[in-house]
file start_9.pdb (PDB, C-alpha atoms)
ATOM      1  CA  MET T   1       0.000   0.000   0.000
ATOM      2  CA  LYS T   2       2.907   2.333   0.813
ATOM      3  CA  TRP T   3       4.347   1.830  -2.674
ATOM      4  CA  LEU T   4       1.012   2.629  -4.262
ATOM      5  CA  VAL T   5       0.845   5.952  -2.409
ATOM      6  CA  LEU T   6       4.425   6.786  -3.434
ATOM      7  CA  LEU T   7       3.723   5.910  -7.065
ATOM      8  CA  PHE T   8       0.563   8.015  -7.065
ATOM      9  CA  SER T   9       2.363  11.014  -5.556
ATOM     10  CA  PHE T  10       5.189  10.660  -8.098
ATOM     11  CA  ILE T  11       2.681  10.666 -10.984
ATOM     12  CA  ILE T  12       0.972  13.787  -9.641
ATOM     13  CA  GLN T  13       4.319  15.530  -9.127
ATOM     14  CA  THR T  14       5.466  14.603 -12.642
ATOM     15  CA  GLU T  15       2.178  15.878 -14.045
ATOM     16  CA  SER T  16       2.698  19.263 -12.393
ATOM     17  CA  PHE T  17       6.273  19.459 -13.715
ATOM     18  CA  CYS T  18       5.091  18.933 -17.297
ATOM     19  CA  GLN T  19       3.024  22.115 -17.365
ATOM     20  CA  GLN T  20       3.290  24.672 -20.119
ATOM     21  CA  PHE T  21       4.463  28.119 -19.083
ATOM     22  CA  ASN T  22       3.253  31.480 -20.234
ATOM     23  CA  ARG T  23       5.825  34.114 -21.086
ATOM     24  CA  GLN T  24       5.439  36.137 -17.887
ATOM     25  CA  GLN T  25       5.863  33.032 -15.712
ATOM     26  CA  LEU T  26       9.064  32.188 -17.574
ATOM     27  CA  ARG T  27      10.389  35.723 -17.151
ATOM     28  CA  ASP T  28       9.668  35.733 -13.422
ATOM     29  CA  LEU T  29      11.168  32.281 -12.867
ATOM     30  CA  PHE T  30      14.195  33.187 -14.962
ATOM     31  CA  LEU T  31      14.901  36.340 -12.959
ATOM     32  CA  GLN T  32      14.796  34.196  -9.798
ATOM     33  CA  ALA T  33      17.093  31.658 -11.467
ATOM     34  CA  LEU T  34      19.653  34.392 -12.076
ATOM     35  CA  GLU T  35      19.818  35.014  -8.325
ATOM     36  CA  HIS T  36      19.646  31.493  -6.839
ATOM     37  CA  LYS T  37      21.082  28.210  -8.100
ATOM     38  CA  THR T  38      18.213  26.249  -6.536
ATOM     39  CA  ALA T  39      15.755  28.314  -8.590
ATOM     40  CA  LEU T  40      17.891  27.668 -11.683
ATOM     41  CA  ASP T  41      17.904  23.928 -10.975
ATOM     42  CA  SER T  42      14.140  23.925 -10.482
ATOM     43  CA  LEU T  43      13.375  25.899 -13.640
ATOM     44  CA  THR T  44      15.770  23.789 -15.722
ATOM     45  CA  LEU T  45      14.218  20.570 -14.429
ATOM     46  CA  GLN T  46      10.700  21.814 -15.153
ATOM     47  CA  LEU T  47      11.597  22.933 -18.673
ATOM     48  CA  GLU T  48      13.549  19.756 -19.364
ATOM     49  CA  SER T  49      10.510  17.640 -18.478
ATOM     50  CA  ILE T  50       8.347  19.260 -21.177
ATOM     51  CA  ASP T  51       8.291  16.991 -24.226
ATOM     52  CA  LYS T  52       7.063  19.485 -26.806
ATOM     53  CA  LYS T  53       8.456  22.847 -25.798
ATOM     54  CA  THR T  54       7.178  26.031 -27.366
ATOM     55  CA  PRO T  55       9.916  28.191 -28.920
ATOM     56  CA  VAL T  56       9.805  30.446 -25.852
ATOM     57  CA  GLU T  57      10.192  27.500 -23.457
ATOM     58  CA  GLU T  58      13.042  26.106 -25.539
ATOM     59  CA  CYS T  59      14.727  29.503 -25.531
ATOM     60  CA  TYR T  60      14.511  29.832 -21.750
ATOM     61  CA  PHE T  61      15.740  26.251 -21.377
ATOM     62  CA  GLY T  62      18.711  27.168 -23.542
ATOM     63  CA  ILE T  63      19.585  30.315 -21.611
ATOM     64  CA  CYS T  64      19.294  28.391 -18.325
ATOM     65  CA  ASN T  65      21.964  26.016 -19.628
ATOM     66  CA  ALA T  66      24.210  28.992 -20.332
ATOM     67  CA  ILE T  67      23.852  30.252 -16.761
ATOM     68  CA  TYR T  68      25.296  26.988 -15.466
ATOM     69  CA  CYS T  69      28.677  28.131 -16.840
ATOM     70  CA  GLN T  70      29.124  30.366 -13.808
ATOM     71  CA  TYR T  71      28.967  27.307 -11.546
ATOM     72  CA  ASP T  72      31.532  25.254 -13.499
ATOM     73  CA  ASP T  73      35.271  25.419 -12.984
ATOM     74  CA  GLY T  74      36.564  23.629 -16.053
ATOM     75  CA  ASN T  75      36.569  25.071 -19.545
ATOM     76  CA  TRP T  76      35.306  21.827 -21.064
ATOM     77  CA  ALA T  77      32.264  21.751 -18.745
ATOM     78  CA  LYS T  78      31.539  25.392 -19.592
ATOM     79  CA  MET T  79      31.879  24.666 -23.298
ATOM     80  CA  LYS T  80      29.371  21.800 -23.070
ATOM     81  CA  HIS T  81      26.834  24.162 -21.477
ATOM     82  CA  VAL T  82      27.494  26.814 -24.123
ATOM     83  CA  ILE T  83      27.019  24.347 -26.985
ATOM     84  CA  LYS T  84      23.804  22.987 -25.493
ATOM     85  CA  SER T  85      22.564  26.507 -24.864
ATOM     86  CA  ARG T  86      23.432  27.698 -28.354
ATOM     87  CA  ASN T  87      21.688  24.723 -29.956
ATOM     88  CA  HIS T  88      18.461  25.352 -28.041
ATOM     89  CA  LEU T  89      18.532  29.097 -28.656
ATOM     90  CA  ASN T  90      19.186  28.645 -32.377
ATOM     91  CA  SER T  91      16.414  26.072 -32.620
ATOM     92  CA  ALA T  92      13.966  28.370 -30.818
ATOM     93  CA  VAL T  93      14.841  31.286 -33.105
ATOM     94  CA  GLU T  94      14.505  29.080 -36.207
ATOM     95  CA  ARG T  95      11.016  28.062 -35.060
ATOM     96  CA  ASP T  96       9.939  31.679 -34.388
ATOM     97  CA  SER T  97      12.380  33.982 -36.142
ATOM     98  CA  LYS T  98      10.328  37.155 -35.638
ATOM     99  CA  ASP T  99      10.135  36.969 -31.838
ATOM    100  CA  PRO T 100      12.396  39.740 -30.470
ATOM    101  CA  GLU T 101      12.552  38.185 -26.990
ATOM    102  CA  LEU T 102      14.106  35.008 -28.393
ATOM    103  CA  ARG T 103      16.506  37.128 -30.395
ATOM    104  CA  PHE T 104      17.421  39.127 -27.289
ATOM    105  CA  MET T 105      18.224  35.945 -25.349
ATOM    106  CA  ARG T 106      20.480  34.704 -28.128
ATOM    107  CA  LEU T 107      22.112  38.134 -28.332
ATOM    108  CA  MET T 108      22.899  37.962 -24.611
ATOM    109  CA  LEU T 109      24.564  34.578 -24.999
ATOM    110  CA  GLU T 110      26.539  35.520 -28.096
ATOM    111  CA  HIS T 111      27.683  38.821 -26.605
ATOM    112  CA  PHE T 112      29.541  37.021 -23.821
ATOM    113  CA  LEU T 113      31.166  34.401 -26.067
ATOM    114  CA  PRO T 114      34.714  35.082 -27.231
ATOM    115  CA  SER T 115      34.773  35.876 -30.945
ATOM    116  CA  PHE T 116      37.481  33.293 -31.648
ATOM    117  CA  LEU T 117      34.896  30.566 -30.993
ATOM    118  CA  GLY T 118      32.942  31.750 -34.038
ATOM    119  CA  MET T 119      29.646  31.411 -32.177
ATOM    120  CA  ASN T 120      28.537  35.035 -32.177
ATOM    121  CA  LYS T 121      27.621  35.549 -35.804
ATOM    122  CA  HIS T 122      23.894  36.281 -35.241
ATOM    123  CA  ILE T 123      24.327  39.549 -33.331
ATOM    124  CA  PRO T 124      23.604  41.955 -36.244
ATOM    125  CA  ASP T 125      20.483  40.012 -37.302
ATOM    126  CA  ASP T 126      19.248  39.759 -33.724
ATOM    127  CA  LEU T 127      19.718  43.493 -33.184
ATOM    128  CA  ARG T 128      17.808  44.205 -36.403
ATOM    129  CA  VAL T 129      14.803  42.157 -35.194
ATOM    130  CA  ILE T 130      14.961  43.680 -31.702
ATOM    131  CA  PHE T 131      14.977  47.246 -33.056
ATOM    132  CA  ALA T 132      12.185  46.409 -35.514
ATOM    133  CA  ASN T 133      10.035  45.400 -32.506
ATOM    134  CA  PRO T 134      11.034  47.799 -29.706
ATOM    135  CA  GLY T 135       7.859  47.247 -27.663
ATOM    136  CA  PHE T 136       8.385  43.552 -26.990
ATOM    137  CA  VAL T 137       8.649  44.059 -23.213
ATOM    138  CA  ASP T 138       6.460  47.139 -22.834
ATOM    139  CA  ASN T 139       4.086  45.245 -20.539
ATOM    140  CA  ASP T 140       6.870  44.654 -17.998
ATOM    141  CA  PRO T 141       8.593  47.999 -17.140
ATOM    142  CA  PRO T 142      11.294  46.549 -14.796
ATOM    143  CA  LEU T 143      12.280  43.996 -17.425
ATOM    144  CA  LYS T 144      12.179  46.627 -20.170
ATOM    145  CA  LYS T 145      14.583  48.759 -18.150
ATOM    146  CA  LYS T 146      16.993  45.806 -17.813
ATOM    147  CA  VAL T 147      16.777  45.093 -21.542
ATOM    148  CA  LEU T 148      17.441  48.729 -22.461
ATOM    149  CA  GLU T 149      20.336  48.974 -20.015
ATOM    150  CA  PHE T 150      21.896  45.777 -21.347
ATOM    151  CA  LEU T 151      21.605  46.933 -24.955
ATOM    152  CA  MET T 152      23.322  50.207 -24.059
ATOM    153  CA  TRP T 153      25.957  48.526 -21.909
ATOM    154  CA  CYS T 154      26.950  45.868 -24.457
ATOM    155  CA  LYS T 155      28.165  48.516 -26.962
ATOM    156  CA  ARG T 156      26.881  46.512 -29.929
ATOM    157  CA  CYS T 157      24.456  49.181 -31.157
ATOM    158  CA  THR T 158      25.009  51.987 -33.617
ATOM    159  CA  PRO T 159      25.008  55.575 -32.295
ATOM    160  CA  ALA T 160      21.497  56.079 -33.737
ATOM    161  CA  GLN T 161      20.275  52.928 -31.956
ATOM    162  CA  GLU T 162      21.894  54.047 -28.710
ATOM    163  CA  LYS T 163      20.076  57.373 -29.017
ATOM    164  CA  LEU T 164      16.745  55.548 -29.418
ATOM    165  CA  LEU T 165      17.546  53.371 -26.395
ATOM    166  CA  GLN T 166      18.378  56.434 -24.309
ATOM    167  CA  ILE T 167      15.089  58.099 -25.267
ATOM    168  CA  GLN T 168      13.150  54.971 -24.264
ATOM    169  CA  LEU T 169      15.084  54.670 -21.010
ATOM    170  CA  ASP T 170      14.479  58.342 -20.176
ATOM    171  CA  GLU T 171      10.747  57.917 -20.852
ATOM    172  CA  LEU T 172      10.661  54.813 -18.679
ATOM    173  CA  ASN T 173      12.464  56.587 -15.824
ATOM    174  CA  LYS T 174      10.169  59.603 -16.148
ATOM    175  CA  THR T 175       7.097  57.351 -15.968
ATOM    176  CA  ALA T 176       8.515  55.566 -12.918
ATOM    177  CA  LYS T 177       9.184  58.888 -11.135
ATOM    178  CA  THR T 178       5.672  60.132 -11.939
ATOM    179  CA  SER T 179       4.187  56.902 -10.565
ATOM    180  CA  LEU T 180       6.180  57.231  -7.348
ATOM    181  CA  ALA T 181       5.164  60.860  -6.880
ATOM    182  CA  LYS T 182       1.470  59.970  -6.919
TER     183      LYS T 182
END

call {"tool": "encode", "arguments": {"input": "start_9.pdb", "output": "structure tokens"}}
result
Amino acid sequence: MKWLVLLFSFIIQTESFCQQFNRQQLRDLFLQALEHKTALDSLTLQLESIDKKTPVEECYFGICNAIYCQYDDGNWAKMKHVIKSRNHLNSAVERDSKDPELRFMRLMLEHFLPSFLGMNKHIPDDLRVIFANPGFVDNDPPLKKKVLEFLMWCKRCTPAQEKLLQIQLDELNKTAKTSLAK
């Protein structure tokens, strides 16, 4: 009888792990995963258990694999995470090439890869899609601020693009100050 209860609880737990995520849930869980390894482990396990991932889920699964590099000591272990991450990110972008959030995730990965690896060739295309769809995180002001700050910090944008980013960031900061004053 004890085994039956354990089996039943395992099936229920597995069922809950195989859930589909909406975009906002993934963003929130990902931001937690950046701060805590246990949150990263949990999110990775949940995403790994999904058989048919949406492009967004596959993208977040890929970027989670990249984050594991900070916990590895050896270059070979880091390289395995990078390759796995790159494969998932490229696959997600191939499945939904017009999604600027997927492009932004791949841009983040490729920005931090040394150019001698030859794995950062998508940056100009990703920037083009991101700037063609500047409102992709408008519904999440804190995340939008992080995206804008990263794009300015990475120094991959043209001066005209940097000017646009600064205008958006100024508007976002002005809106935040107005909200706080009320």

call {"tool": "resolve_selection", "arguments": {"input": "start_9.pdb", "expression": "the PyMOL selection byres ((chain T and resi 70) around 12)", "output": "PyMOL selection string"}}
result
chain T and resi 34-37+40+64-69+71-75+77-79+81-82

call {"tool": "resolve_selection", "arguments": {"input": "start_9.pdb", "expression": "the PyMOL selection byres ((chain T and resi 61) around 8)", "output": "JSON, numbers by chain"}}
result
{"T": [44, 47, 48, 57, 58, 59, 60, 62, 63, 64, 65, 85, 88]}

call {"tool": "resolve_selection", "arguments": {"input": "start_9.pdb", "expression": "the PyMOL selection byres ((chain T and resi 24) around 12)", "output": "list in words"}}
result
Gln20, Phe21, Asn22, Arg23, Gln25, Leu26, Arg27, Asp28, Leu29, Phe30, Leu31, Val56, Glu57, Tyr60, Glu101, Val137, Asn139, Asp140 and Leu143 of chain T

call {"tool": "residues_around", "arguments": {"input": "start_9.pdb", "residues": "stretch 166-170 of chain T", "least_positions_apart": "4", "cutoff": "9 Å", "atoms": "all atoms listed in the file", "output": "ChimeraX atom specification"}}
result
/T:144-145,148-149,152,161-162,174-175

call {"tool": "atom_distance", "arguments": {"input": "start_9.pdb", "atom1": "atom CA of T:Lys98", "atom2": "atom CA of T:Ile130"}}
result
8.9 Å

call {"tool": "residues_around", "arguments": {"input": "start_9.pdb", "residues": "T:Val129", "least_positions_apart": "3", "cutoff": "12 Å", "atoms": "all atoms listed in the file", "output": "JSON, numbers by chain"}}
result
{"T": [93, 96, 97, 98, 99, 100, 101, 102, 103, 104, 106, 107, 122, 123, 124, 125, 126, 132, 133, 134, 135, 136]}

call {"tool": "atom_distance", "arguments": {"input": "start_9.pdb", "atom1": "atom CA of T:Lys53", "atom2": "atom CA of T:Asp41"}}
result
17.6 Å

call {"tool": "atom_distance", "arguments": {"input": "start_9.pdb", "atom1": "atom CA of T:Cys157", "atom2": "atom CA of T:Pro55"}}
result
25.6 Å

call {"tool": "closest_residue", "arguments": {"input": "start_9.pdb", "among": "T:Phe131, T:Glu94, T:Cys154, T:Leu165", "to": "T:Leu109", "atoms": "only C-alpha atoms"}}
result
T:Cys154

call {"tool": "closest_residue", "arguments": {"input": "start_9.pdb", "among": "T:Asn173, T:Ser42, T:Asn90, T:Thr178", "to": "T:Met119", "atoms": "only C-alpha atoms"}}
result
T:Asn90

call {"tool": "axis_aligned_box", "arguments": {"input": "start_9.pdb", "around": "stretch 92-105 of chain T", "padding_each_side": "4 Å", "output": "lines of an AutoDock Vina configuration file"}}
result
center_x = 14.1
center_y = 33.9
center_z = -30.8
size_x = 16.3
size_y = 19.7
size_z = 18.9

call {"tool": "closest_residue", "arguments": {"input": "start_9.pdb", "among": "T:Leu151, T:Pro142, T:Pro159, T:Arg128", "to": "T:Leu172", "atoms": "all atoms listed in the file"}}
result
T:Pro142

call {"tool": "closest_residue", "arguments": {"input": "start_9.pdb", "among": "T:Glu110, T:Trp153, T:Ala92, T:Glu171", "to": "T:Asp138", "atoms": "all atoms listed in the file"}}
result
T:Glu171
